[in-house]
6 protein chains.
Amino acid sequence: MRALRCSALALAVACIAASVARGQMAPQKPDVPVDKWTAKTIMLIGAHADDDALSHGTLAMLQAHGNQVYVVTLTTGNVGTQDPKLSRMQLAEIRRQEELAALKELGIPGDHYINLGYDDGLLEFEDRKAVVENLVRWIRKLRPDVLFAWDPGKNYQRWHKSDHRAAAYLAADAARAAMWRLLFQGQITQEGLKEFMIPEYMFYDDIDYQDENIWVDITGFVEQRVNAGSHYTSQFGPGWKNYNPNPTDEERKEMRALVRDTIRTRDGRPVEGFRYYRGLPDTLGK
Amino acid sequence: MRALRCSALALAVACIAASVARGQMAPQKPDVPVDKWTAKTIMLIGAHADDDALSHGTLAMLQAHGNQVYVVTLTTGNVGTQDPKLSRMQLAEIRRQEELAALKELGIPGDHYINLGYDDGLLEFEDRKAVVENLVRWIRKLRPDVLFAWDPGKNYQRWHKSDHRAAAYLAADAARAAMWRLLFQGQITQEGLKEFMIPEYMFYDDIDYQDENIWVDITGFVEQRVNAGSHYTSQFGPGWKNYNPNPTDEERKEMRALVRDTIRTRDGRPVEGFRYYRGLPDTLGK
Amino acid sequence: MRALRCSALALAVACIAASVARGQMAPQKPDVPVDKWTAKTIMLIGAHADDDALSHGTLAMLQAHGNQVYVVTLTTGNVGTQDPKLSRMQLAEIRRQEELAALKELGIPGDHYINLGYDDGLLEFEDRKAVVENLVRWIRKLRPDVLFAWDPGKNYQRWHKSDHRAAAYLAADAARAAMWRLLFQGQITQEGLKEFMIPEYMFYDDIDYQDENIWVDITGFVEQRVNAGSHYTSQFGPGWKNYNPNPTDEERKEMRALVRDTIRTRDGRPVEGFRYYRGLPDTLGK
Amino acid sequence: MRALRCSALALAVACIAASVARGQMAPQKPDVPVDKWTAKTIMLIGAHADDDALSHGTLAMLQAHGNQVYVVTLTTGNVGTQDPKLSRMQLAEIRRQEELAALKELGIPGDHYINLGYDDGLLEFEDRKAVVENLVRWIRKLRPDVLFAWDPGKNYQRWHKSDHRAAAYLAADAARAAMWRLLFQGQITQEGLKEFMIPEYMFYDDIDYQDENIWVDITGFVEQRVNAGSHYTSQFGPGWKNYNPNPTDEERKEMRALVRDTIRTRDGRPVEGFRYYRGLPDTLGK
Amino acid sequence: MRALRCSALALAVACIAASVARGQMAPQKPDVPVDKWTAKTIMLIGAHADDDALSHGTLAMLQAHGNQVYVVTLTTGNVGTQDPKLSRMQLAEIRRQEELAALKELGIPGDHYINLGYDDGLLEFEDRKAVVENLVRWIRKLRPDVLFAWDPGKNYQRWHKSDHRAAAYLAADAARAAMWRLLFQGQITQEGLKEFMIPEYMFYDDIDYQDENIWVDITGFVEQRVNAGSHYTSQFGPGWKNYNPNPTDEERKEMRALVRDTIRTRDGRPVEGFRYYRGLPDTLGK
Amino acid sequence: MRALRCSALALAVACIAASVARGQMAPQKPDVPVDKWTAKTIMLIGAHADDDALSHGTLAMLQAHGNQVYVVTLTTGNVGTQDPKLSRMQLAEIRRQEELAALKELGIPGDHYINLGYDDGLLEFEDRKAVVENLVRWIRKLRPDVLFAWDPGKNYQRWHKSDHRAAAYLAADAARAAMWRLLFQGQITQEGLKEFMIPEYMFYDDIDYQDENIWVDITGFVEQRVNAGSHYTSQFGPGWKNYNPNPTDEERKEMRALVRDTIRTRDGRPVEGFRYYRGLPDTLGK
């Protein structure tokens with residue numbers, strides 16, 4: 001509440017001093033634990049179909065608990081294959097079907113999957129203003145209570161491979177831009193949208209776990225995560241080099257085992273870790 | 001039909017030679033006269049609210065004859081005022097209301113007005129690929145039988161002021177790009193759109209009439225044009241320097257007179273002139 | 001005056017119809033003949049030092065008649081030499097000195113020469129928004145009564161070599177942008193500038209004379225033009241391939257002869273031709 | 001020779017005045033007729049495989065007469081098909097093979113075909129500086145006596161569809177840039193190249209013939225042109241909608257007939273028309 | 001001094017090895033303590049009016065001690081408000097007045113405030129070369145002994161919200177570019193500027209204090225900082241949501257209290273912390 | 001091997017979990033120690049001539065051991081001098097000769113030096129897609145077993161001065177892009193290149209040594225490093241401010257001493273340190 005009363009720099013100064021005073025610089029935590037969330041709108045931004053896979057257990061839980069989950073993917077994933085028989089067009093279609101099948105396992109309806117259609121591997125060369133404006137549009141449309149995104153970094157800019165880098169930074173920039181009525185005014189005057197500030201964030205990462213501050217216990221949603229992940233036939237396992245739309249039973253088994261291997265544990269329980277952040281988007285990397 | 005059998009350069013060569021042989025290089029004419037068109041989808045691309053005003057008589061006729069008319073405007077028109085009291089936001093909202101009121105006079109429903117939300121006066125500085133992709137999306141969605149657009153020029157590139165220049169050239173480029181399945185594939189694989197080739201074109205212009213080859217008799221639609229045009233209160237007449245949302249009767253009268261003055265005549269009849277073109281978008285400026 | 005009451009498209013429609021009705025589409029002429037102009041501010045935009053040379057007779061006359069002449073040059077001219085001994089830096093310095101010497105012959109003070117410092121031969125690759133904003137700033141500062149510029153074309157876009165093309169088009173775009181209070185607002189809120197509309201234009205060209213509509217008799221200013229032009233030692237004549245800061249008497253003579261050869265005549269009198277335009281910048285190429 | 005003694009604007013002034021005086025503004029003609037050219041290096045710049053097809057008769061003649069012909073194509077042609085079975089990769093490979101087969105008919109060796117690899121339909125969105133630098137590199141490598149290119153326009157900028165527009169304008173810009181030692185210096189200091197000025201130009205066009213000033217009699221090379229053109233199986237005729245790598249005899253016959261139809265005649269003889277230009281690249285569109 | 005004898009990489013190698021040998025890698029300290037500085041030129045680069053607020057105590061001290069302080073702000077701050085009644089233009093004007101009032105409290109004259117006029121929230125989308133060139137110009141004009149800027153990071157790139165990110169990185173890039181005579185030569189040949197190397201740096205930050213290595217004791221300047229900060233009526237406190245040009249006494253009191261709360265202490269004394277750096281700009285982030 | 005079976009995100013998940021399980025997150029080490037490498041192709045990417053100097057001992061060893069070493073430099077180094085007499089062109093030529101002389105000392109042939117010709121100090125303003133494509137071309141041509149490059153950072157993005165920043169990030173992006181057949185297809189369809197994945201990496205840095213995980217003992221190659229480094233006459237030492245193509249004996253001695261000073265030791269032996277990485281380029285910064 002206080003945060004909303006201050007802006008820009010002054011805000012930084014004022015808020016920080018204030019929060020330091022109150023000891024709020026301790027790792028942030030949600031007021032309501034994640035496993036109690038309900039009736040929230042959840043928006044995940046990723047670069048590729050399967051970037052959501054790191055959060056599948058959590059998304060399955062949220063969907064089961066009466067939240068609305070939306071997945072916004074920037075690229076069509078139309079490049080990342082080692083199978084010499086596939087074209088960009090075919091790969092884009094395969095990736096879409098895989099993603100829809102994965103989301104279905106999580107209980108997320110197909111029309112909650114929004115793909116912005118950029119070419120895989122080339123996202124960093126797109127006009128950044130146009131990409132940010134596109135993301136701002138979806139933030140203002142969906143008005144999420146929580147944004148899941150690649151972690152843009154805490155204190156320093158996190159290193160990601162190129163598409164993930166763009167997805168991480170531009171999601172953060174879009175979260176910030178979305179809250180200002182005087183930015184991207186065309187959306188407001190012509191499309192009936194309103195400015196919107198996302199209040200909470202869950203940043204995911206693939207390898208660098210040092211900035212995580214929250215671990216969601218996904219007991220009860222592990223099978224859904226395994227089921228979902230095993231649909232990415234073209235992305236890893238036997239299908240990466242030799243895509244087979246109808247994997248054999250053995251291949252399916254291998255896929256499932258690979259996904260199961262990716263599940264981390266903490267205190268003996270399956271978890272997904274995130275950097276949780278609450279507050280003005282201005283300081284989400286601080 | 002023959003046109004559809006040839007491509008790119010070879011096409012140019014083949015088609016032209018063929019058409020010259022048959023004397024088709026004489027000014028093009030639609031098979032069915034414009035005033036007999038019905039059940040067609042019409043799409044107009046302009047830079048500003050009121051760029052359609054040059055065609056209001058024709059659009060009113062087409063709408064009356066059972067065609068579906070859509071107006072796609074690139075900018076919000078949020079700059080062009082001499083009234084020092086107006087802000088960009090206010091002006092954008094005023095221009096939107098004026099346009100909706102004008103279209104209503106023509107019988108065109110409000111949801112047929114699509115504004116892409118770019119800033120007025122800065123369209124040429126936007127990323128051209130992003131603007132073209134946006135227009136391609138709308139062409140593939142609406143699948144128009146006829147495109148109305150600023151004339152990009154015949155043989156040579158026509159001079160327009162900056163926003164009109166972008167609107168003219170990018171509309172032509174988008175018409176071309178829309179027909180190729182392998183361009184902007186994301187729209188096809190992710191949004192369920194299909195490639196589409198616009199077969200007929202009506203290019204409008206404001207002053208340079210030398211390339212016109214068709215004149216639509218708008219007798220019977222003059223009053224609609226006058227009514228529509230007089231809604232652009234902020235664009236000309238007394239409201240340009242001192243905007244008044246509720247013009248006096250005298251001001252309204254002046255507005256109507258100004259619009260009426262813009263109607264051209266030919267052989268004593270009120271007309272709107274265009275450069276009509278039919279064929280591959282590849283050669284629409286030839 | 002009427003022009004000022006209408007805007008954008010509507011304006012085009014309204015004004016044109018009106019002017020056609022009154023026969024104003026006949027070639028435009030200034031109310032006061034050029035040789036009677038006095039107390040005006042004149043601004044010339046060119047790409048290279050010496051682009052003003054085509055107008056030297058006229059500029060000398062205007063300066064002599066009590067007008068203030070400013071020359072704004074976009075590039076430093078630091079590329080165009082065939083002398084293998086010169087570096088970019090040296091050439092830029094030489095061109096500056098040549099230009100100042102030429103202007104001095106015309107009576108134009110050195111601080112009326114403004115060079116925006118772009119690299120020669122690369123102007124078209126600069127960010128167009130930044131270049132236009134720069135030109136808008138100078139238009140709003142100098143507030144010229146008349147703009148001299150490369151002709152961007154009438155009806156069609158004139159072909160120029162690359163730097164001239166940018167100079168022609170961007171000067172026209174800047175003239176248009178400068179008049180809108182809501183464009184480049186930073187200049188207005190931070191630098192104390194005000195929007196400004198240039199009312200009259202003199203477009204020059206080097207070879208294509210077909211659009212000229214006014215010829216200024218430069219009798220009485222021929223020697224100044226010859227003197228001025230002969231200072232461009234590095235640009236043509238013997239110095240183009242082998243620059244000599246101190247030309248021999250013979251070389252000077254050759255230079256003078258070359259410049260004298262460039263002076264055109266009409267009805268036996270020395271003239272400089274232009275396309276004169278008066279009105280809204282929106283339609284300066286129409 | 002005189003041209004070489006003047007530069008930039010001053011040049012324009014000086015040269016023009018001089019040439020007008022001598023009546024050289026009459027349509028330009030080569031000193032040696034095209035059919036007598038020998039031992040020249042010829043460079044053709046096009047956007048797509050088959051852009052050279054408009055000049056195949058002339059190229060066959062030049063190759064036969066002991067000249068070296070090089071074809072530089074900017075895009076891979078990987079978009080322009082109506083066959084839904086083809087991918088970008090397949091189409092690029094097909095177009096390459098077609099082009100090599102066509103050039104072989106003309107006697108031009110395969111290693112004289114240089115494809116710069118840009119994506120079809122997207123050339124205008126590439127960084128213009130990078131494309132120009134690339135073309136400058138090839139001009140400085142090949143050091144052509146004559147450049148064949150899409151006509152960028154005379155006096156005004158010619159309208160072309162988007163890829164052709166880029167090819168036309170950027171070829172002209174590259175011709176100009178290539179002559180300056182101080183532009184793209186990296187090529188000179190690191191690659192052992194030298195600046196180079198192309199002295200003669202043959203501009204081709206597909207439909208708009210009004211600026212042509214030279215017609216090459218291709219009697220004796222008609223069959224080569226027909227043979228060459230009929231290799232573009234994927235570009236027109238039956239293969240445009242349904243590509244068949246091994247056309248039937250009937251299809252081949254149809255292809256040959258289509259190409260033959262494109263050959264223009266003048267005074268009863270088969271010709272290819274061009275706008276010939278000789279002089280500084282600075283004024284090639286004047 | 002030694003630093004000036006080495007360049008680029010070799011420099012890094014040579015200098016570092018050398019400095020390591022001499023133990024200079026210990027946290028850097030100025031030769032003369034900050035509170036003894038006098039007759040220095042100080043330049044601060046920020047993104048928004050109020051980015052200097054974090055350093056107001058130090059700036060007040062420096063100004064009082066006979067140094068010249070200049071504040072260069074990149075954007076007009078015309079976006080960051082939650083008051084729905086304000087337009088971009090109004091906000092830009094308010095922010096300018098607030099900044100001038102704040103600087104006045106610090107004793108800094110109004111003409112030492114330079115605002116480059118970019119739009120708030122969109123700085124990262126501006127052409128980076130143009131922004132850097134602009135900053136280089138001001139560095140070469142003001143020739144500061146010390147640069148204050150957002151910390152671009154030590155070892156790693158610091159995360160900042162978007163405008164601050166651009167301001168941090170581009171200030172560092174400009175500091176580096178400014179020292180090379182062969183970069184941005186137009187400024188040197190046309191504007192009479194000379195290359196310049198800034199020798200000392202004070203990097204400020206809002207929240208992440210871990211890289212600070214110097215703390216300026218601002219005892220004696222606390223009231224000036226509070227007075228200055230309380231002028232940012234539109235930026236925080238009650239005016240952020242409901243701007244009131246004439247705050248009530250209570251509102252003023254609240255503002256002052258908020259600013260006072262932001263002052264950090266160290267060993268019981270009010271301080272402002274910085275990362276101090278001295279040396280070549282090449283290694284300011286190392 | 002396992003890594004090759006997984007892609008994108010899924011890969012990250014799968015591989016990491018797997019490698020963590022096996023304790024592979026311990027600092028990476030090459031299977032074969034660097035001093036046993038033979039018959040490998042080594043490619044180094046740097047921004048300036050002399051960026052390879054940090055690795056000269058290692059490169060000399062590798063060359064001596066029967067490996068092929070290639071040095072790819074992005075810029076010509078044509079800006080970084082404090083000698084006011086040198087032009088960009090002269091400096092580029094000097095830097096090239098210095099680099100060739102240095103490589104000769106290491107036994108690396110002159111045609112293994114590839115300079116991409118970008119301007120020094122401006123690399124970050126070049127079109128990033130074009131630069132990456134250029135680097136991808138060279139990776140696909142040379143097909144290196146090991147890439148040496150500026151360290152783009154581990155976990156976070158490392159801070160480098162501007163040209164080094166571009167070189168570090170774009171080398172990493174190019175390494176990633178090179179492995180995908182569907183990226184930069186023109187190289188594959190038109191130039192006969194094939195996609196290629198670089199398996200091993202040696203990242204060098206100038207000052208920030210904290211991420212190093214491997215130290216190559218260069219005993220036996222120290223003199224070669226000193227000899228090579230002392231050729232960079234224009235880069236440091238007396239020649240930086242006053243370039244002398246023929247240094248005096250004393251100057252040479254000073255140069256050699258400076259280079260010798262830069263050699264680090266570890267456990268009493270001369271070393272060069274690197275961050276070694278093996279695996280998919282997707283995670284080279286993780």
# chains A, B, ... in the order shown; residues from 1 in each chain; ligands from 1
>>> residues_around(residues="Glu200 of chain B", least_positions_apart="4", cutoff="8 Å", atoms="only C-alpha atoms", output="number ranges by chain")
B: 145-147, 276-279
>>> select_by_dssp(residues="segment 12-104 of chain D", states="strand (DSSP E or B)", output="list of chain:residue names")
D:Thr41, D:Ile42, D:Met43, D:Leu44, D:Ile45, D:Gly46, D:Gln68, D:Val69, D:Tyr70, D:Val71, D:Val72, D:Thr73, D:Leu74, D:Thr75
>>> atom_distance(atom1="atom CA of Tyr232 of chain F", atom2="atom CA of Ala102 of chain F")
7.7 Å
>>> interface_residues(of="chain E", to="chain A", cutoff="9 Å", atoms="only C-alpha atoms", output="JSON, numbers by chain")
{"E": [48, 49, 50, 51, 52, 53, 54, 78, 79, 80, 81, 82, 84, 87, 88, 120, 121, 122, 124, 125, 153, 156, 157, 158, 159, 160, 161, 162, 206, 207, 208, 229, 232, 234, 235, 236, 237, 238, 239, 240, 241, 258, 259, 260, 261, 262, 263, 264]}
>>> atom_distance(atom1="atom CA of Thr189 of chain E", atom2="atom CA of Leu91 of chain C")
9.6 Å
>>> residues_around(residues="Gly273 of chain B", least_positions_apart="3", cutoff="7 Å", atoms="only C-alpha atoms", output="list in words")
Glu212, Ile214, Trp215 and Val216 of chain B
>>> residues_around(residues="Gln63 of chain C", least_positions_apart="2", cutoff="12 Å", atoms="only C-alpha atoms", output="PyMOL selection string")
chain C and resi 34-43+56-61+65-70+103-109+112+221+224
